[in-house]
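Chemist: Dropping in query00.cif, which is mmCIF, C-alpha atoms and all ligand atoms:
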data_protein
loop_
_atom_site.label_atom_id
_atom_site.label_comp_id
_atom_site.auth_asym_id
_atom_site.auth_seq_id
_atom_site.Cartn_x
_atom_site.Cartn_y
_atom_site.Cartn_z
CA MET A 1 -175.78 -40.83 -0.80
CA VAL A 2 -173.72 -43.81 -1.80
CA LEU A 3 -171.97 -43.64 -5.12
CA ALA A 4 -171.96 -46.71 -7.24
CA VAL A 5 -168.22 -46.33 -7.39
CA GLY A 6 -167.88 -48.11 -4.10
CA ASN A 7 -169.87 -51.00 -5.35
CA PRO A 8 -168.43 -52.25 -8.62
CA HIS A 9 -170.42 -54.71 -10.64
CA ARG A 10 -169.89 -58.35 -10.03
CA ALA A 11 -168.28 -58.78 -13.42
CA LEU A 12 -165.83 -56.07 -12.62
CA ARG A 13 -164.94 -57.62 -9.31
CA ASN A 14 -164.43 -60.97 -10.97
CA ARG A 15 -162.00 -59.42 -13.37
CA LEU A 16 -159.98 -57.91 -10.59
CA GLY A 17 -157.68 -60.88 -10.19
CA ASN A 18 -156.68 -61.11 -13.82
CA LEU A 19 -156.40 -57.42 -14.27
CA SER A 20 -154.20 -56.91 -11.26
CA VAL A 21 -151.78 -59.51 -12.51
CA SER A 22 -151.67 -57.97 -15.97
CA MET A 23 -151.32 -54.48 -14.63
CA LEU A 24 -148.53 -55.60 -12.33
CA ASN A 25 -146.64 -57.09 -15.23
CA LEU A 26 -147.18 -54.01 -17.27
CA LEU A 27 -146.07 -51.66 -14.56
CA ALA A 28 -143.19 -53.80 -13.41
CA SER A 29 -141.78 -53.92 -16.91
CA ASP A 30 -142.19 -50.17 -17.23
CA SER A 31 -140.63 -49.07 -13.99
CA LYS A 32 -137.03 -47.95 -14.17
CA PRO A 33 -135.42 -47.55 -10.77
CA ARG A 34 -132.56 -45.07 -10.94
CA HIS A 35 -130.44 -46.49 -8.17
CA VAL A 36 -129.13 -49.91 -7.63
CA HIS A 37 -131.31 -51.82 -5.21
CA SER A 38 -131.20 -55.35 -4.12
CA ALA A 39 -133.36 -57.49 -6.32
CA LEU A 40 -135.78 -57.97 -3.45
CA ASN A 41 -136.24 -54.24 -2.86
CA VAL A 42 -136.94 -53.63 -6.51
CA LEU A 43 -139.44 -56.43 -6.55
CA ILE A 44 -141.23 -55.14 -3.46
CA SER A 45 -141.41 -51.58 -4.70
CA ARG A 46 -142.72 -52.76 -8.04
CA VAL A 47 -145.39 -54.81 -6.41
CA VAL A 48 -146.44 -51.91 -4.18
CA VAL A 49 -146.52 -49.43 -7.03
CA GLY A 50 -148.29 -51.98 -9.18
CA LEU A 51 -150.97 -52.74 -6.65
CA PHE A 52 -151.58 -49.08 -6.00
CA SER A 53 -151.83 -48.26 -9.68
CA ALA A 54 -154.01 -51.25 -10.37
CA SER A 55 -156.44 -50.22 -7.68
CA LEU A 56 -156.45 -46.63 -8.92
CA PHE A 57 -157.11 -47.92 -12.39
CA LEU A 58 -159.97 -50.10 -11.22
CA PHE A 59 -161.36 -47.19 -9.34
CA PHE A 60 -161.36 -45.06 -12.48
CA LEU A 61 -162.98 -47.84 -14.35
CA SER A 62 -165.78 -48.29 -11.89
CA GLY A 63 -166.19 -44.54 -11.64
CA LEU A 64 -166.65 -44.37 -15.37
CA ARG A 65 -169.22 -47.06 -15.30
CA SER A 66 -171.40 -45.11 -12.99
CA GLY A 67 -170.40 -41.55 -13.38
CA TYR A 68 -169.81 -40.31 -16.85
CA SER A 69 -171.07 -40.36 -20.35
CA PRO A 70 -171.40 -43.83 -21.74
CA SER A 71 -170.85 -42.41 -25.15
CA ALA A 72 -167.22 -42.07 -24.65
CA HIS A 73 -165.01 -42.60 -21.85
CA ARG A 74 -164.32 -46.22 -21.26
CA LEU A 75 -161.28 -48.39 -21.32
CA ALA A 76 -159.18 -45.40 -21.72
CA PRO A 77 -156.23 -45.38 -19.39
CA ILE A 78 -154.52 -48.30 -21.05
CA THR A 79 -152.79 -47.81 -24.32
CA ARG A 80 -149.26 -49.08 -24.47
CA GLY A 81 -147.48 -52.35 -24.91
CA ASP A 82 -148.34 -55.97 -25.35
CA ALA A 83 -149.54 -56.66 -21.85
CA ASP A 84 -151.76 -53.73 -22.40
CA SER A 85 -153.36 -54.95 -25.55
CA ALA A 86 -154.13 -58.18 -23.73
CA ILE A 87 -155.94 -56.15 -21.09
CA ALA A 88 -157.67 -54.07 -23.69
CA GLN A 89 -158.80 -57.26 -25.37
CA GLN A 90 -160.17 -58.58 -22.14
CA LEU A 91 -161.87 -55.32 -21.28
CA LYS A 92 -163.36 -55.15 -24.70
CA SER A 93 -164.98 -58.52 -24.38
CA ASP A 94 -166.16 -57.85 -20.85
CA LEU A 95 -167.17 -54.25 -20.98
CA SER A 96 -168.21 -53.29 -24.43
CA ALA A 97 -171.73 -54.63 -24.43
CA GLU A 98 -172.59 -52.98 -21.19
CA ASP A 99 -170.62 -49.80 -21.39
CA TYR A 100 -170.21 -48.70 -24.92
CA PRO A 101 -173.13 -47.52 -26.93
CA LEU A 102 -172.28 -50.07 -29.56
CA HIS A 103 -174.22 -48.39 -32.26
CA MET A 104 -172.09 -45.32 -32.01
CA VAL A 105 -168.56 -46.59 -31.84
CA SER A 106 -168.75 -48.25 -35.20
CA GLU A 107 -168.65 -45.04 -37.13
CA SER A 108 -165.77 -44.95 -39.53
CA GLN A 109 -165.99 -41.28 -40.34
CA PRO A 110 -166.59 -39.55 -37.07
CA PHE A 111 -166.95 -36.14 -38.54
CA LYS A 112 -167.30 -35.08 -42.10
CA MET A 113 -167.65 -31.42 -42.67
CA SER A 114 -170.51 -30.93 -45.04
CA GLY A 115 -170.07 -28.38 -47.80
CA SER A 116 -172.46 -25.95 -46.23
CA ALA A 117 -170.89 -26.27 -42.80
CA ALA A 118 -167.41 -25.72 -44.18
CA ASN A 119 -168.39 -22.53 -45.92
CA ALA A 120 -170.81 -21.18 -43.41
CA GLY A 121 -169.27 -17.97 -42.31
CA ASP A 122 -172.49 -16.17 -41.57
CA SER A 123 -175.02 -17.01 -38.95
CA GLN A 124 -177.81 -17.13 -41.52
CA SER A 125 -177.01 -20.44 -43.12
CA SER A 126 -177.97 -23.62 -41.36
CA LEU A 127 -175.21 -25.92 -40.22
CA VAL A 128 -177.59 -28.79 -39.76
CA GLU A 129 -176.93 -31.70 -42.03
CA ALA A 130 -179.70 -31.88 -44.59
CA ARG A 131 -179.20 -35.47 -45.64
CA SER A 132 -182.24 -36.79 -43.86
CA ASP A 133 -185.92 -37.31 -44.49
CA ARG A 134 -188.37 -35.77 -42.11
CA GLU A 135 -191.75 -36.73 -40.74
CA VAL A 136 -193.40 -33.74 -39.12
CA THR A 137 -196.43 -33.87 -36.82
CA VAL A 138 -197.90 -30.74 -35.33
CA ALA A 139 -199.99 -30.97 -32.17
CA PRO A 140 -203.53 -29.68 -32.82
CA ASN A 141 -203.45 -26.82 -30.32
CA ILE A 142 -200.11 -25.49 -31.54
CA ASP A 143 -199.34 -22.69 -33.95
CA SER A 144 -196.40 -24.16 -35.82
CA ASP A 145 -195.25 -20.70 -36.96
CA GLU A 146 -194.71 -19.62 -33.41
CA GLU A 147 -191.17 -19.92 -32.06
CA PRO A 148 -191.07 -22.67 -29.45
CA VAL A 149 -189.73 -21.92 -26.00
CA ALA A 150 -187.61 -25.03 -26.08
CA ARG A 151 -186.59 -27.98 -28.19
CA MET A 152 -185.90 -31.50 -27.00
CA ILE A 153 -183.33 -33.13 -29.29
CA VAL A 154 -183.17 -36.90 -29.00
CA ILE A 155 -180.34 -38.72 -30.75
CA THR A 156 -180.76 -42.41 -31.34
CA MET A 157 -180.04 -45.28 -33.65
CA ASP A 158 -181.11 -48.80 -32.79
CA ARG A 159 -181.79 -49.10 -29.06
CA GLU A 160 -185.53 -49.31 -29.25
CA GLU A 161 -186.30 -50.17 -25.63
CA SER A 162 -184.13 -47.38 -24.31
CA LEU A 163 -185.64 -44.89 -26.67
CA VAL A 164 -189.16 -45.88 -25.65
CA ARG A 165 -188.23 -45.31 -22.01
CA LEU A 166 -186.78 -41.89 -22.73
CA LEU A 167 -189.68 -40.78 -24.93
CA ASP A 168 -192.14 -41.96 -22.34
CA SER A 169 -190.40 -39.92 -19.66
CA LEU A 170 -190.31 -36.88 -21.94
CA VAL A 171 -194.03 -37.17 -22.65
CA LYS A 172 -194.80 -37.36 -18.93
CA ALA A 173 -192.68 -34.38 -17.92
CA ASN A 174 -194.25 -31.12 -16.83
CA TYR A 175 -193.85 -28.32 -19.42
CA GLY A 176 -196.51 -26.03 -18.04
CA GLU A 177 -198.05 -24.11 -20.92
CA ASP A 178 -194.84 -23.92 -22.92
CA HIS A 179 -194.59 -24.64 -26.59
CA VAL A 180 -191.86 -27.27 -26.74
CA ASP A 181 -190.83 -29.05 -29.92
CA LEU A 182 -189.44 -32.56 -30.08
CA ASP A 183 -186.81 -33.56 -32.63
CA ILE A 184 -185.69 -37.15 -32.90
CA TRP A 185 -182.66 -37.89 -35.04
CA ILE A 186 -182.35 -41.52 -36.06
CA ASP A 187 -178.90 -42.47 -37.25
CA ARG A 188 -178.13 -45.60 -39.18
CA ALA A 189 -175.23 -47.74 -40.27
CA ASN A 190 -174.35 -47.24 -43.92
CA ASP A 191 -175.13 -50.83 -44.77
CA LYS A 192 -178.44 -50.95 -42.93
CA PRO A 193 -181.77 -49.21 -43.22
CA ILE A 194 -183.24 -47.14 -40.40
CA HIS A 195 -184.18 -49.39 -37.47
CA GLU A 196 -187.86 -50.27 -37.92
CA GLY A 197 -188.72 -50.55 -34.25
CA VAL A 198 -187.05 -47.25 -33.46
CA LEU A 199 -188.90 -45.50 -36.25
CA HIS A 200 -192.15 -47.02 -35.12
CA ALA A 201 -191.55 -45.93 -31.53
CA CYS A 202 -191.00 -42.37 -32.76
CA GLN A 203 -194.13 -42.42 -34.91
CA LYS A 204 -196.22 -43.67 -32.01
CA VAL A 205 -195.32 -40.86 -29.64
CA ILE A 206 -198.12 -38.41 -29.11
CA TRP A 207 -196.42 -35.10 -28.47
CA LYS A 208 -198.81 -32.48 -27.20
CA GLN A 209 -196.41 -29.61 -26.51
CA GLY A 210 -195.56 -28.70 -30.05
CA THR A 211 -194.15 -30.06 -33.27
CA LYS A 212 -192.64 -33.51 -33.37
CA THR A 213 -190.10 -34.07 -36.12
CA VAL A 214 -188.56 -37.44 -36.84
CA HIS A 215 -185.36 -37.08 -38.85
CA LYS A 216 -184.33 -40.21 -40.69
CA ARG A 217 -180.69 -40.13 -41.68
CA ALA A 218 -179.98 -40.98 -45.29
CA ALA A 219 -176.49 -42.18 -44.41
CA ASN A 220 -174.45 -42.77 -41.30
CA ALA A 221 -173.97 -39.45 -39.52
CA GLY A 222 -171.96 -40.49 -36.49
CA LEU A 223 -171.81 -39.15 -33.01
CA TYR A 224 -170.21 -35.80 -33.77
CA GLN A 225 -172.86 -34.92 -36.32
CA GLN A 226 -175.63 -36.20 -34.08
CA TRP A 227 -174.43 -34.02 -31.24
CA ILE A 228 -173.04 -30.89 -32.77
CA TYR A 229 -175.22 -30.46 -35.83
CA THR A 230 -178.75 -31.29 -34.78
CA TRP A 231 -179.68 -28.01 -33.15
CA ASN A 232 -180.65 -25.84 -36.09
CA ILE A 233 -179.78 -22.34 -34.93
CA THR A 234 -180.68 -19.46 -37.19
CA SER A 235 -180.56 -15.74 -36.55
CA GLU A 236 -184.17 -15.91 -35.34
CA THR A 237 -183.65 -18.70 -32.85
CA THR A 238 -184.67 -17.80 -29.32
CA GLU A 239 -185.47 -21.30 -28.07
CA PHE A 240 -183.25 -23.27 -25.77
CA ALA A 241 -182.45 -26.90 -26.49
CA VAL A 242 -181.63 -30.03 -24.56
CA ILE A 243 -179.70 -32.80 -26.28
CA LEU A 244 -180.50 -36.29 -25.02
CA GLU A 245 -179.00 -39.63 -25.87
CA ASP A 246 -181.44 -42.49 -25.93
CA ASP A 247 -180.30 -44.33 -22.81
CA LEU A 248 -181.54 -41.60 -20.50
CA GLU A 249 -184.70 -41.18 -18.51
CA VAL A 250 -185.69 -37.67 -17.48
CA SER A 251 -187.27 -36.56 -14.23
CA PRO A 252 -190.88 -35.35 -14.54
CA ALA A 253 -189.56 -32.04 -13.18
CA PHE A 254 -186.48 -31.66 -15.40
CA TYR A 255 -188.02 -28.96 -17.55
CA GLN A 256 -189.13 -26.88 -14.60
CA TRP A 257 -185.65 -27.17 -13.11
CA LEU A 258 -184.17 -25.94 -16.39
CA ARG A 259 -186.58 -23.04 -16.51
CA VAL A 260 -185.72 -21.93 -13.01
CA ALA A 261 -181.99 -22.49 -13.50
CA ARG A 262 -182.02 -20.61 -16.79
CA ALA A 263 -183.93 -17.74 -15.27
CA ALA A 264 -181.28 -17.54 -12.57
CA TYR A 265 -178.07 -18.07 -14.54
CA ALA A 266 -178.55 -17.89 -18.31
CA GLN A 267 -177.41 -14.25 -18.24
CA ASP A 268 -174.14 -15.04 -16.47
CA SER A 269 -171.24 -14.63 -18.83
CA ASP A 270 -169.41 -17.61 -17.36
CA VAL A 271 -172.27 -20.03 -18.06
CA GLY A 272 -171.77 -22.00 -21.25
CA ALA A 273 -174.35 -24.70 -20.64
CA PHE A 274 -176.73 -26.45 -18.28
CA THR A 275 -176.89 -30.15 -17.64
CA LEU A 276 -179.42 -32.59 -16.22
CA GLN A 277 -176.67 -34.97 -15.20
CA ARG A 278 -175.73 -35.68 -11.61
CA SER A 279 -171.99 -35.25 -12.02
CA THR A 280 -169.65 -37.60 -10.22
CA LEU A 281 -166.41 -37.28 -12.16
CA ARG A 282 -163.47 -35.10 -11.17
CA PRO A 283 -161.34 -35.04 -14.30
CA ARG A 284 -158.27 -33.75 -12.46
CA GLY A 285 -157.03 -35.77 -9.50
CA ALA A 286 -159.69 -38.27 -10.41
CA SER A 287 -158.99 -40.78 -7.68
CA ARG A 288 -162.05 -39.68 -5.70
CA PRO A 289 -165.49 -38.94 -7.03
CA LEU A 290 -166.81 -35.41 -6.97
CA ASP A 291 -168.12 -34.54 -3.53
CA ILE A 292 -170.24 -31.41 -3.37
CA PRO A 293 -171.48 -30.46 0.10
CA ALA A 294 -175.21 -31.04 0.48
CA GLU A 295 -175.96 -27.37 1.16
CA HIS A 296 -175.30 -26.48 -2.48
CA PRO A 297 -178.37 -27.39 -4.55
CA VAL A 298 -176.66 -26.23 -7.72
CA PHE A 299 -173.12 -25.38 -8.79
CA LYS A 300 -171.18 -24.19 -11.77
CA TYR A 301 -168.80 -26.90 -12.87
CA ARG A 302 -165.92 -26.63 -15.30
CA LEU A 303 -166.81 -30.06 -16.59
CA LEU A 304 -169.85 -30.50 -18.77
CA GLY A 305 -172.43 -33.22 -18.18
CA THR A 306 -173.39 -34.91 -21.43
CA TRP A 307 -176.53 -36.55 -20.06
CA GLY A 308 -179.15 -34.00 -20.89
CA PHE A 309 -176.87 -31.26 -22.15
CA ALA A 310 -178.35 -27.83 -22.72
CA PRO A 311 -175.77 -25.49 -24.20
CA GLN A 312 -176.52 -21.77 -24.34
CA ARG A 313 -177.49 -20.67 -27.81
CA ASP A 314 -174.68 -18.19 -28.42
CA THR A 315 -172.11 -20.38 -26.76
CA TRP A 316 -173.11 -23.29 -28.97
CA VAL A 317 -172.67 -21.17 -32.08
CA GLU A 318 -169.31 -20.00 -30.76
CA PHE A 319 -168.32 -23.56 -29.95
CA ARG A 320 -169.11 -24.83 -33.45
CA LYS A 321 -167.10 -22.10 -35.05
CA TRP A 322 -164.19 -22.66 -32.67
CA PHE A 323 -164.38 -26.43 -33.22
CA GLU A 324 -164.33 -26.10 -36.97
CA GLU A 325 -161.39 -23.73 -36.92
CA LYS A 326 -159.41 -25.94 -34.54
CA ARG A 327 -160.19 -28.95 -36.65
CA ALA A 328 -159.17 -27.20 -39.83
CA ARG A 329 -155.84 -26.29 -38.27
CA GLY A 330 -155.31 -29.85 -37.09
CA GLU A 331 -155.25 -28.85 -33.44
CA LYS A 332 -156.06 -31.24 -30.62
CA PRO A 333 -158.41 -30.76 -27.70
CA TYR A 334 -155.87 -31.68 -25.06
CA VAL A 335 -156.17 -30.13 -21.62
CA ASP A 336 -153.17 -30.98 -19.46
CA GLY A 337 -153.75 -33.08 -16.40
CA LEU A 338 -157.29 -34.21 -17.17
CA ILE A 339 -158.18 -37.87 -17.26
CA THR A 340 -160.52 -37.14 -20.16
CA THR A 341 -157.53 -36.01 -22.22
CA GLN A 342 -155.97 -39.41 -21.65
CA TRP A 343 -159.18 -41.07 -22.73
CA TYR A 344 -159.28 -38.96 -25.82
CA LYS A 345 -155.68 -39.81 -26.67
CA SER A 346 -156.31 -43.49 -26.23
CA GLN A 347 -159.22 -43.30 -28.63
CA GLU A 348 -157.44 -41.29 -31.24
CA LYS A 349 -157.57 -42.60 -34.72
CA ASP A 350 -156.15 -40.36 -37.40
CA GLY A 351 -155.92 -37.67 -34.79
CA PHE A 352 -159.56 -37.96 -33.91
CA ALA A 353 -161.39 -39.76 -31.13
CA PRO A 354 -164.49 -41.22 -32.74
CA ASN A 355 -166.80 -40.84 -29.79
CA MET A 356 -165.46 -38.02 -27.70
CA TRP A 357 -166.90 -34.78 -28.99
CA SER A 358 -167.14 -33.84 -25.31
CA GLN A 359 -163.37 -33.41 -25.08
CA TRP A 360 -163.68 -30.56 -27.58
CA TRP A 361 -166.15 -28.86 -25.30
CA ILE A 362 -163.80 -29.46 -22.37
CA LYS A 363 -160.98 -27.75 -24.25
CA PHE A 364 -163.32 -24.96 -25.31
CA ALA A 365 -164.56 -24.41 -21.77
CA ASP A 366 -161.01 -24.44 -20.43
CA GLU A 367 -159.88 -21.87 -22.98
CA LYS A 368 -162.87 -19.56 -22.67
CA GLY A 369 -163.63 -20.01 -18.98
CA TYR A 370 -167.14 -21.42 -19.37
CA PHE A 371 -168.92 -23.42 -16.69
CA THR A 372 -171.85 -25.81 -16.85
CA VAL A 373 -174.68 -25.24 -14.40
CA THR A 374 -175.15 -28.57 -12.66
CA GLY A 375 -177.95 -29.55 -10.31
CA HIS A 376 -177.25 -31.29 -7.04
CA LEU A 377 -180.62 -32.79 -6.26
CA PRO A 378 -181.60 -34.14 -2.84
CA ASP A 379 -181.36 -37.78 -1.80
CA GLY A 380 -178.94 -38.72 -4.56
CA THR A 381 -181.51 -38.20 -7.28
CA SER A 382 -180.92 -36.89 -10.76
CA LEU A 383 -182.74 -34.86 -13.39
CA ALA A 384 -181.68 -37.40 -15.99
CA SER A 385 -180.70 -40.95 -15.13
CA ASN A 386 -178.57 -43.09 -17.32
CA TRP A 387 -179.71 -46.66 -17.82
CA ARG A 388 -176.36 -48.31 -18.41
CA GLU A 389 -177.89 -50.55 -21.00
CA SER A 390 -177.06 -54.17 -21.28
CA GLY A 391 -176.21 -55.41 -24.69
CA LEU A 392 -176.91 -58.79 -26.18
CA HIS A 393 -174.21 -60.45 -24.13
CA TYR A 394 -175.72 -59.22 -20.93
CA SER A 395 -179.33 -60.07 -21.47
CA LYS A 396 -179.44 -61.63 -18.00
CA ASN A 397 -178.46 -58.44 -16.27
CA LYS A 398 -181.32 -56.07 -15.97
CA PRO A 399 -180.27 -52.56 -16.86
CA SER A 400 -180.43 -50.17 -13.96
CA ALA A 401 -180.30 -46.42 -13.63
CA ASP A 402 -177.18 -44.78 -12.21
CA PHE A 403 -179.27 -42.60 -9.91
CA PRO A 404 -183.03 -42.54 -9.44
CA VAL A 405 -184.76 -39.68 -11.20
CA PHE A 406 -185.96 -36.81 -9.06
CA ARG A 407 -189.67 -37.15 -8.33
CA GLY A 408 -190.10 -34.27 -5.93
CA GLY A 409 -192.11 -31.14 -6.56
CA ASP A 410 -191.18 -28.38 -9.00
CA ASP A 411 -191.41 -25.81 -6.25
CA GLU A 412 -188.46 -27.26 -4.38
CA PHE A 413 -185.81 -25.83 -6.65
CA ILE A 414 -183.63 -23.23 -5.02
CA MET A 415 -181.18 -21.24 -7.09
CA PRO A 416 -178.73 -19.33 -4.91
CA ASP A 417 -177.57 -15.90 -6.05
CA ASN A 418 -173.94 -16.91 -6.07
CA PRO A 419 -173.62 -20.61 -6.75
CA ILE A 420 -170.21 -22.11 -6.07
CA LEU A 421 -167.73 -22.51 -8.89
CA VAL A 422 -166.14 -25.93 -8.98
CA ASP A 423 -162.82 -26.56 -10.70
CA TRP A 424 -161.62 -29.57 -12.72
CA ASP A 425 -160.27 -31.12 -9.52
CA GLY A 426 -163.58 -30.79 -7.68
CA GLN A 427 -162.35 -27.94 -5.49
CA ILE A 428 -164.58 -24.98 -4.89
CA ILE A 429 -162.93 -21.98 -6.51
CA SER A 430 -165.13 -19.23 -5.17
CA ALA A 431 -168.72 -18.32 -4.69
CA LYS A 432 -168.21 -14.62 -5.28
CA ASP A 433 -166.84 -14.44 -8.79
CA SER A 434 -169.90 -15.93 -10.40
CA GLY A 435 -172.84 -14.04 -11.74
CA SER A 436 -170.38 -11.84 -13.56
CA SER A 437 -172.58 -10.78 -16.40
C1 LIG B 501 -183.44 -25.28 -40.08
O1 LIG B 501 -184.14 -24.05 -39.97
C2 LIG B 501 -184.50 -23.48 -41.19
C3 LIG B 501 -185.12 -22.13 -40.90
O2 LIG B 501 -186.12 -22.22 -39.96
C4 LIG B 501 -185.42 -24.39 -41.95
O3 LIG B 501 -185.76 -23.84 -43.20
C5 LIG B 501 -184.74 -25.74 -42.15
O4 LIG B 501 -185.63 -26.64 -42.73
C6 LIG B 501 -184.29 -26.30 -40.81
N1 LIG B 501 -183.54 -27.53 -41.03
C7 LIG B 501 -183.73 -28.64 -40.32
C8 LIG B 501 -182.90 -29.80 -40.68
O5 LIG B 501 -184.54 -28.70 -39.42
#
What does the file become when written as structure tokens?
Modeler:
Amino acid sequence: MVLAVGNPHRALRNRLGNLSVSMLNLLASDSKPRHVHSALNVLISRVVVGLFSASLFLFFLSGLRSGYSPSAHRLAPITRGDADSAIAQQLKSDLSAEDYPLHMVSESQPFKMSGSAANAGDSQSSLVEARSDREVTVAPNIDSDEEPVARMIVITMDREESLVRLLDSLVKANYGEDHVDLDIWIDRANDKPIHEGVLHACQKVIWKQGTKTVHKRAANAGLYQQWIYTWNITSETTEFAVILEDDLEVSPAFYQWLRVARAAYAQDSDVGAFTLQRSTLRPRGASRPLDIPAEHPVFKYRLLGTWGFAPQRDTWVEFRKWFEEKRARGEKPYVDGLITTQWYKSQEKDGFAPNMWSQWWIKFADEKGYFTVTGHLPDGTSLASNWRESGLHYSKNKPSADFPVFRGGDDEFIMPDNPILVDWDGQIISAKDSGSS
């Protein structure tokens, strides 16, 4: 399988010249040789270091474009100095439309603890933000009092076309006989109403597996709220949930994969979550993409995959509590040596990175030793593809999926007894220590 990393977009390649020059200047002005060299030696070593760093940087950048959550991790490695702000400026104008989910980076208040959330000590009270209207539709054959087996949580705002693609793929997926509810959370900017087309697309969906609920935010919620506080877990909750951003398309078999994977690993004490994402990022030693040998159809990865994220119920409750406590104490989710920590730092505003909730999970997983069960589907396919959406500035470029969705049969999923554990640096830790429930 060929990773898109080796094939950067044309726009990226075109920027290479300018970027290299800027990076060289930046690095040359930063480097401080300890010994006295001839001017020529210094110049040569600076150029070599500069070129190497610039290519590493470009590699990261292209890796991000294809390999990791669009909701967060762009532009990150550059933060200091004047030369740097020039680069940032250039990157912003070139990359933002294609790479950032524009509707989500605008939030001014990334996370506001609601009164109920702040005081919720017991598991009885709901942490889910109530400031939204709801439209509820129950499928005719469904008993709405019955606990669903699963819940699909779609978070969206104003990308109508993307949302339609995702909803369409969700409708077409195979759920067997399961009662599965669909929740769609529509965020909004504070100065704008709910996006009409998005609302309409939600209303049009005919959801046969269970209850469809369209939540219309009364005010801007932001990415943290949309992610962390949309799964309404009460003491009775037995369902599992998958959280999906609107630029994804799921495989028709994604649900069956989850069922099989959950049956195999949900009891393992080291499993914090499942993901539909085909992971390519190695957050430590990130100069090469993740390379899992083909004989492993599934692995437990330290890194989460945010594209189709399915946290375990109890772990999600634990995570929220942990997150709130850390936040209250003003702690930071830094994990030494991870590229994602650098991205988080470069996004920090008032100590908070407005679109990187995932770094909190990374810190949490690092501290508690949780892994995310990650599929490694054949032929470079994925259970959830990301359609790196073009924005207005890129209307000529057709959006394309990072990996094609898996269209094979449900019966092909093999879940080994002892899946490999993969560390932050992409190295296999061990296949024996897993399954330690
Ligand atoms: C959360 O669950 C409780 C109990 O089932 C329910 O009363 C409440 O309406 C739910 N809230 C949302 C936002 O779905």
Chemist: Could you pull out the residues sitting within 12 Å of ligand LIG 501 (chain B), using only C-alpha atoms and all ligand atoms, and write them as a PyMOL selection string?
Modeler: chain A and resi 123-136+144-148+151+153+181-185+211-217+226+229-239
Chemist: So, counting all atoms listed in the file, which residue among A:Lys172, A:Lys204, A:His376, A:Lys332 is closest to Thr275 (chain A)?
Modeler: A:His376
Chemist: Identify which of the residues A:Val154, A:Ala218, A:Val149, A:Leu383 lies closest to Gly408 (chain A), counting all atoms listed in the file when measuring atom-to-atom distances.
Modeler: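 So, comparing all the options, the nearest one is A:Leu383.
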Chemist: To box region 150-161 of chain A, take all atoms listed in the file, fit an axis-aligned box, add 3 Å on each side, and give centre and edge lengths in Å to one decimal, as lines of an AutoDock Vina configuration file.
Modeler:
center_x = -183.8
center_y = -37.6
center_z = -29.6
size_x = 13.6
size_y = 31.1
size_z = 14.0
Chemist: Counting all atoms listed in the file, which residue out of A:Leu170, A:Leu248, A:Val164, A:Ala219 sits closest to His200 (chain A)?
Modeler: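 The closest residue to His200 (chain A) is A:Val164.
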Chemist: Need to verify the contact set: Lys368 (chain A), 10 Å, only C-alpha atoms, exclusion of same-chain residues closer than 3 positions in sequence. Can you return it as a list in words?
Modeler: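 My reading of the contact set: Asp270, Gly272, Phe319, Ile362, Lys363, Phe364, Ala365 and Phe371 of chain A.
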Chemist: When you draw a straight line from CA of Ala264 (chain A) to CA of Glu367 (chain A), how long is it in Å?
Modeler: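 Separation of CA of Ala264 (chain A) and CA of Glu367 (chain A): 24.2 Å.
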